[in-house]
file model-v2.cif (mmCIF, N, CA and C atoms and all ligand atoms; chains and numbers go by the auth columns)
data_query
#
loop_
_atom_site.group_PDB
_atom_site.id
_atom_site.type_symbol
_atom_site.label_atom_id
_atom_site.label_comp_id
_atom_site.label_asym_id
_atom_site.label_seq_id
_atom_site.Cartn_x
_atom_site.Cartn_y
_atom_site.Cartn_z
_atom_site.B_iso_or_equiv
_atom_site.auth_seq_id
_atom_site.auth_asym_id
ATOM 1 N N MET A 1 106.818 241.637 155.864 0.00 1 A
ATOM 2 C CA MET A 1 107.059 240.489 154.980 0.00 1 A
ATOM 3 C C MET A 1 108.125 239.577 155.593 0.00 1 A
ATOM 4 N N ALA A 2 107.951 238.298 155.370 0.00 2 A
ATOM 5 C CA ALA A 2 108.912 237.321 155.864 0.00 2 A
ATOM 6 C C ALA A 2 109.815 236.869 154.716 0.00 2 A
ATOM 7 N N ARG A 3 110.910 236.249 155.102 0.00 3 A
ATOM 8 C CA ARG A 3 111.841 235.789 154.091 0.00 3 A
ATOM 9 C C ARG A 3 112.107 234.303 154.305 0.00 3 A
ATOM 10 N N ASP A 4 112.035 233.562 153.236 0.00 4 A
ATOM 11 C CA ASP A 4 112.373 232.145 153.290 0.00 4 A
ATOM 12 C C ASP A 4 113.883 232.052 153.515 0.00 4 A
ATOM 13 N N PRO A 5 114.314 231.501 154.665 0.00 5 A
ATOM 14 C CA PRO A 5 115.755 231.476 154.943 0.00 5 A
ATOM 15 C C PRO A 5 116.536 230.513 154.047 0.00 5 A
ATOM 16 N N VAL A 6 115.820 229.609 153.392 0.00 6 A
ATOM 17 C CA VAL A 6 116.486 228.601 152.565 0.00 6 A
ATOM 18 C C VAL A 6 116.787 229.141 151.169 0.00 6 A
ATOM 19 N N CYS A 7 115.781 229.641 150.490 0.00 7 A
ATOM 20 C CA CYS A 7 115.986 230.094 149.109 0.00 7 A
ATOM 21 C C CYS A 7 116.001 231.615 148.975 0.00 7 A
ATOM 22 N N GLY A 8 115.632 232.336 150.050 0.00 8 A
ATOM 23 C CA GLY A 8 115.697 233.787 150.014 0.00 8 A
ATOM 24 C C GLY A 8 114.464 234.475 149.457 0.00 8 A
ATOM 25 N N MET A 9 113.439 233.705 149.135 0.00 9 A
ATOM 26 C CA MET A 9 112.212 234.277 148.576 0.00 9 A
ATOM 27 C C MET A 9 111.463 235.100 149.630 0.00 9 A
ATOM 28 N N VAL A 10 110.914 236.223 149.211 0.00 10 A
ATOM 29 C CA VAL A 10 110.133 237.063 150.117 0.00 10 A
ATOM 30 C C VAL A 10 108.701 236.537 150.139 0.00 10 A
ATOM 31 N N LEU A 11 108.170 236.338 151.353 0.00 11 A
ATOM 32 C CA LEU A 11 106.846 235.722 151.520 0.00 11 A
ATOM 33 C C LEU A 11 105.951 236.594 152.381 0.00 11 A
ATOM 34 N N ASP A 12 104.660 236.454 152.181 0.00 12 A
ATOM 35 C CA ASP A 12 103.670 237.129 153.017 0.00 12 A
ATOM 36 C C ASP A 12 103.338 236.200 154.191 0.00 12 A
ATOM 37 N N GLU A 13 103.594 236.661 155.410 0.00 13 A
ATOM 38 C CA GLU A 13 103.354 235.829 156.600 0.00 13 A
ATOM 39 C C GLU A 13 101.914 235.335 156.682 0.00 13 A
ATOM 40 N N ASN A 14 100.998 236.140 156.168 0.00 14 A
ATOM 41 C CA ASN A 14 99.578 235.803 156.275 0.00 14 A
ATOM 42 C C ASN A 14 99.150 234.683 155.330 0.00 14 A
ATOM 43 N N THR A 15 99.880 234.483 154.272 0.00 15 A
ATOM 44 C CA THR A 15 99.484 233.457 153.319 0.00 15 A
ATOM 45 C C THR A 15 100.473 232.296 153.254 0.00 15 A
ATOM 46 N N ALA A 16 101.634 232.463 153.886 0.00 16 A
ATOM 47 C CA ALA A 16 102.639 231.398 153.847 0.00 16 A
ATOM 48 C C ALA A 16 102.116 230.157 154.574 0.00 16 A
ATOM 49 N N LYS A 17 102.150 229.034 153.899 0.00 17 A
ATOM 50 C CA LYS A 17 101.588 227.804 154.460 0.00 17 A
ATOM 51 C C LYS A 17 102.603 227.041 155.286 0.00 17 A
ATOM 52 N N TYR A 18 103.861 227.214 154.945 0.00 18 A
ATOM 53 C CA TYR A 18 104.872 226.396 155.585 0.00 18 A
ATOM 54 C C TYR A 18 105.670 227.224 156.573 0.00 18 A
ATOM 55 N N LYS A 19 105.568 226.832 157.819 0.00 19 A
ATOM 56 C CA LYS A 19 106.340 227.557 158.826 0.00 19 A
ATOM 57 C C LYS A 19 106.786 226.659 159.956 0.00 19 A
ATOM 58 N N ILE A 20 107.846 227.101 160.615 0.00 20 A
ATOM 59 C CA ILE A 20 108.410 226.378 161.748 0.00 20 A
ATOM 60 C C ILE A 20 108.724 227.425 162.810 0.00 20 A
ATOM 61 N N THR A 21 108.409 227.101 164.059 0.00 21 A
ATOM 62 C CA THR A 21 108.846 227.968 165.144 0.00 21 A
ATOM 63 C C THR A 21 110.031 227.285 165.795 0.00 21 A
ATOM 64 N N TYR A 22 111.126 227.982 165.825 0.00 22 A
ATOM 65 C CA TYR A 22 112.362 227.423 166.349 0.00 22 A
ATOM 66 C C TYR A 22 113.063 228.475 167.191 0.00 22 A
ATOM 67 N N GLN A 23 113.374 228.120 168.423 0.00 23 A
ATOM 68 C CA GLN A 23 114.021 229.026 169.379 0.00 23 A
ATOM 69 C C GLN A 23 113.287 230.361 169.479 0.00 23 A
ATOM 70 N N GLY A 24 111.953 230.269 169.531 0.00 24 A
ATOM 71 C CA GLY A 24 111.124 231.453 169.711 0.00 24 A
ATOM 72 C C GLY A 24 110.930 232.312 168.477 0.00 24 A
ATOM 73 N N GLU A 25 111.491 231.877 167.367 0.00 25 A
ATOM 74 C CA GLU A 25 111.372 232.642 166.119 0.00 25 A
ATOM 75 C C GLU A 25 110.580 231.824 165.114 0.00 25 A
ATOM 76 N N THR A 26 109.737 232.502 164.328 0.00 26 A
ATOM 77 C CA THR A 26 108.975 231.794 163.316 0.00 26 A
ATOM 78 C C THR A 26 109.629 231.998 161.959 0.00 26 A
ATOM 79 N N PHE A 27 109.861 230.899 161.277 0.00 27 A
ATOM 80 C CA PHE A 27 110.457 230.938 159.950 0.00 27 A
ATOM 81 C C PHE A 27 109.416 230.489 158.932 0.00 27 A
ATOM 82 N N HIS A 28 109.333 231.210 157.834 0.00 28 A
ATOM 83 C CA HIS A 28 108.364 230.895 156.788 0.00 28 A
ATOM 84 C C HIS A 28 109.074 230.353 155.558 0.00 28 A
ATOM 85 N N PHE A 29 108.381 229.464 154.861 0.00 29 A
ATOM 86 C CA PHE A 29 108.975 228.808 153.696 0.00 29 A
ATOM 87 C C PHE A 29 108.022 228.834 152.513 0.00 29 A
ATOM 88 N N CYS A 30 108.601 228.868 151.314 0.00 30 A
ATOM 89 C CA CYS A 30 107.791 228.930 150.100 0.00 30 A
ATOM 90 C C CYS A 30 107.201 227.568 149.766 0.00 30 A
ATOM 91 N N SER A 31 107.852 226.512 150.222 0.00 31 A
ATOM 92 C CA SER A 31 107.408 225.166 149.867 0.00 31 A
ATOM 93 C C SER A 31 107.833 224.172 150.929 0.00 31 A
ATOM 94 N N VAL A 32 107.249 222.997 150.827 0.00 32 A
ATOM 95 C CA VAL A 32 107.591 221.932 151.768 0.00 32 A
ATOM 96 C C VAL A 32 109.044 221.505 151.570 0.00 32 A
ATOM 97 N N VAL A 33 109.558 221.687 150.382 0.00 33 A
ATOM 98 C CA VAL A 33 110.956 221.336 150.087 0.00 33 A
ATOM 99 C C VAL A 33 111.902 222.197 150.911 0.00 33 A
ATOM 100 N N CYS A 34 111.649 223.502 150.931 0.00 34 A
ATOM 101 C CA CYS A 34 112.483 224.416 151.719 0.00 34 A
ATOM 102 C C CYS A 34 112.334 224.132 153.211 0.00 34 A
ATOM 103 N N LYS A 35 111.119 223.810 153.618 0.00 35 A
ATOM 104 C CA LYS A 35 110.873 223.502 155.024 0.00 35 A
ATOM 105 C C LYS A 35 111.695 222.284 155.463 0.00 35 A
ATOM 106 N N LYS A 36 111.672 221.258 154.646 0.00 36 A
ATOM 107 C CA LYS A 36 112.422 220.034 154.940 0.00 36 A
ATOM 108 C C LYS A 36 113.919 220.299 154.964 0.00 36 A
ATOM 109 N N ARG A 37 114.358 221.094 154.011 0.00 37 A
ATOM 110 C CA ARG A 37 115.774 221.424 153.928 0.00 37 A
ATOM 111 C C ARG A 37 116.222 222.166 155.188 0.00 37 A
ATOM 112 N N PHE A 38 115.362 223.082 155.636 0.00 38 A
ATOM 113 C CA PHE A 38 115.655 223.855 156.846 0.00 38 A
ATOM 114 C C PHE A 38 115.741 222.937 158.060 0.00 38 A
ATOM 115 N N LYS A 39 114.797 222.010 158.162 0.00 39 A
ATOM 116 C CA LYS A 39 114.758 221.083 159.291 0.00 39 A
ATOM 117 C C LYS A 39 116.033 220.242 159.380 0.00 39 A
ATOM 118 N N ARG A 40 116.523 219.860 158.225 0.00 40 A
ATOM 119 C CA ARG A 40 117.723 219.031 158.177 0.00 40 A
ATOM 120 C C ARG A 40 118.983 219.799 158.549 0.00 40 A
ATOM 121 N N ARG A 41 119.046 221.051 158.117 0.00 41 A
ATOM 122 C CA ARG A 41 120.290 221.817 158.274 0.00 41 A
ATOM 123 C C ARG A 41 120.032 223.178 158.921 0.00 41 A
ATOM 124 N N LYS A 42 119.340 223.184 160.062 0.00 42 A
ATOM 125 C CA LYS A 42 118.976 224.443 160.730 0.00 42 A
ATOM 126 C C LYS A 42 120.176 225.383 160.904 0.00 42 A
ATOM 127 N N THR A 43 121.276 224.823 161.364 0.00 43 A
ATOM 128 C CA THR A 43 122.433 225.664 161.681 0.00 43 A
ATOM 129 C C THR A 43 122.999 226.347 160.443 0.00 43 A
ATOM 130 N N LYS A 44 122.776 225.761 159.291 0.00 44 A
ATOM 131 C CA LYS A 44 123.287 226.354 158.055 0.00 44 A
ATOM 132 C C LYS A 44 122.519 227.620 157.698 0.00 44 A
ATOM 133 N N TYR A 45 121.223 227.642 158.062 0.00 45 A
ATOM 134 C CA TYR A 45 120.355 228.756 157.649 0.00 45 A
ATOM 135 C C TYR A 45 120.119 229.809 158.717 0.00 45 A
ATOM 136 N N ILE A 46 120.436 229.478 159.960 0.00 46 A
ATOM 137 C CA ILE A 46 120.265 230.461 161.032 0.00 46 A
ATOM 138 C C ILE A 46 121.617 231.086 161.342 0.00 46 A
ATOM 139 N N LYS A 47 121.618 232.394 161.400 0.00 47 A
ATOM 140 C CA LYS A 47 122.871 233.095 161.670 0.00 47 A
ATOM 141 C C LYS A 47 123.071 233.282 163.176 0.00 47 A
HETATM 142 ZN ZN ZN B . 112.006 228.531 149.471 0.00 1 B
#
call {"tool": "encode", "arguments": {"input": "model-v2.cif", "output": "structure tokens"}}
result
Amino acid sequence: MARDPVCGMVLDENTAKYKITYQGETFHFCSVVCKKRFKRRKTKYIK
């Protein structure tokens, strides 16, 4: 299972529609809102 780094929601990688590959890692999101938020503030959500 994947985790939305923005809101913390647990997601199924197979059904998650929103994803970004960044620095070789794939991040999944529950919604386009979380995806946009992540894009704007990547450093805030990546440890
Ligand atoms: Zn989310």
call {"tool": "closest_residue", "arguments": {"input": "model-v2.cif", "among": "A:Ala16, A:Thr21, A:Cys30, A:Val10", "to": "ligand ZN 1 (chain B)", "atoms": "all atoms listed in the file"}}
result
A:Cys30
call {"tool": "residues_near_ligand", "arguments": {"input": "model-v2.cif", "ligand": "ligand ZN 1 (chain B)", "cutoff": "6 Å", "atoms": "only N, CA and C atoms and all ligand atoms", "output": "list in words"}}
result
Asp4, Val6, Cys7, Gly8, Met9, Phe29, Cys30, Ser31 and Cys34 of chain A
call {"tool": "atom_distance", "arguments": {"input": "model-v2.cif", "atom1": "CA of Lys39 (chain A)", "atom2": "atom C of Asp12 (chain A)"}}
result
19.6 Å
call {"tool": "atom_distance", "arguments": {"input": "model-v2.cif", "atom1": "atom C of Tyr45 (chain A)", "atom2": "CA of Tyr18 (chain A)"}}
result
15.9 Å
call {"tool": "atom_distance", "arguments": {"input": "model-v2.cif", "atom1": "atom C of Lys47 (chain A)", "atom2": "atom N of Lys17 (chain A)"}}
result
23.3 Å
call {"tool": "decode", "arguments": {"input": "model-v2.cif", "residues": "region 8-27 of chain A", "atoms": "C-alpha atoms", "output": "short mmCIF file (atom, residue, chain, number, x, y, z; two decimals), in the first residue's frame"}}
result
data_model
loop_
_atom_site.label_atom_id
_atom_site.label_comp_id
_atom_site.auth_asym_id
_atom_site.auth_seq_id
_atom_site.Cartn_x
_atom_site.Cartn_y
_atom_site.Cartn_z
CA GLY A 8 -1.41 10.80 5.07
CA MET A 9 -4.20 8.73 3.52
CA VAL A 10 -3.37 5.10 2.74
CA LEU A 11 -3.88 4.33 -0.97
CA ASP A 12 -3.82 1.29 -3.22
CA GLU A 13 -1.06 1.77 -5.81
CA ASN A 14 -3.10 -0.15 -8.37
CA THR A 15 -6.09 2.14 -8.24
CA ALA A 16 -4.50 5.47 -7.30
CA LYS A 17 -5.04 7.86 -10.19
CA TYR A 18 -2.76 10.64 -9.11
CA LYS A 19 0.93 10.03 -9.00
CA ILE A 20 4.24 11.75 -9.52
CA THR A 21 7.66 10.22 -10.00
CA TYR A 22 10.25 12.38 -8.35
CA GLN A 23 13.92 11.53 -7.78
CA GLY A 24 13.26 7.92 -8.75
CA GLU A 25 10.44 7.50 -6.26
CA THR A 26 6.75 7.30 -7.07
CA PHE A 27 4.36 9.21 -4.86
#
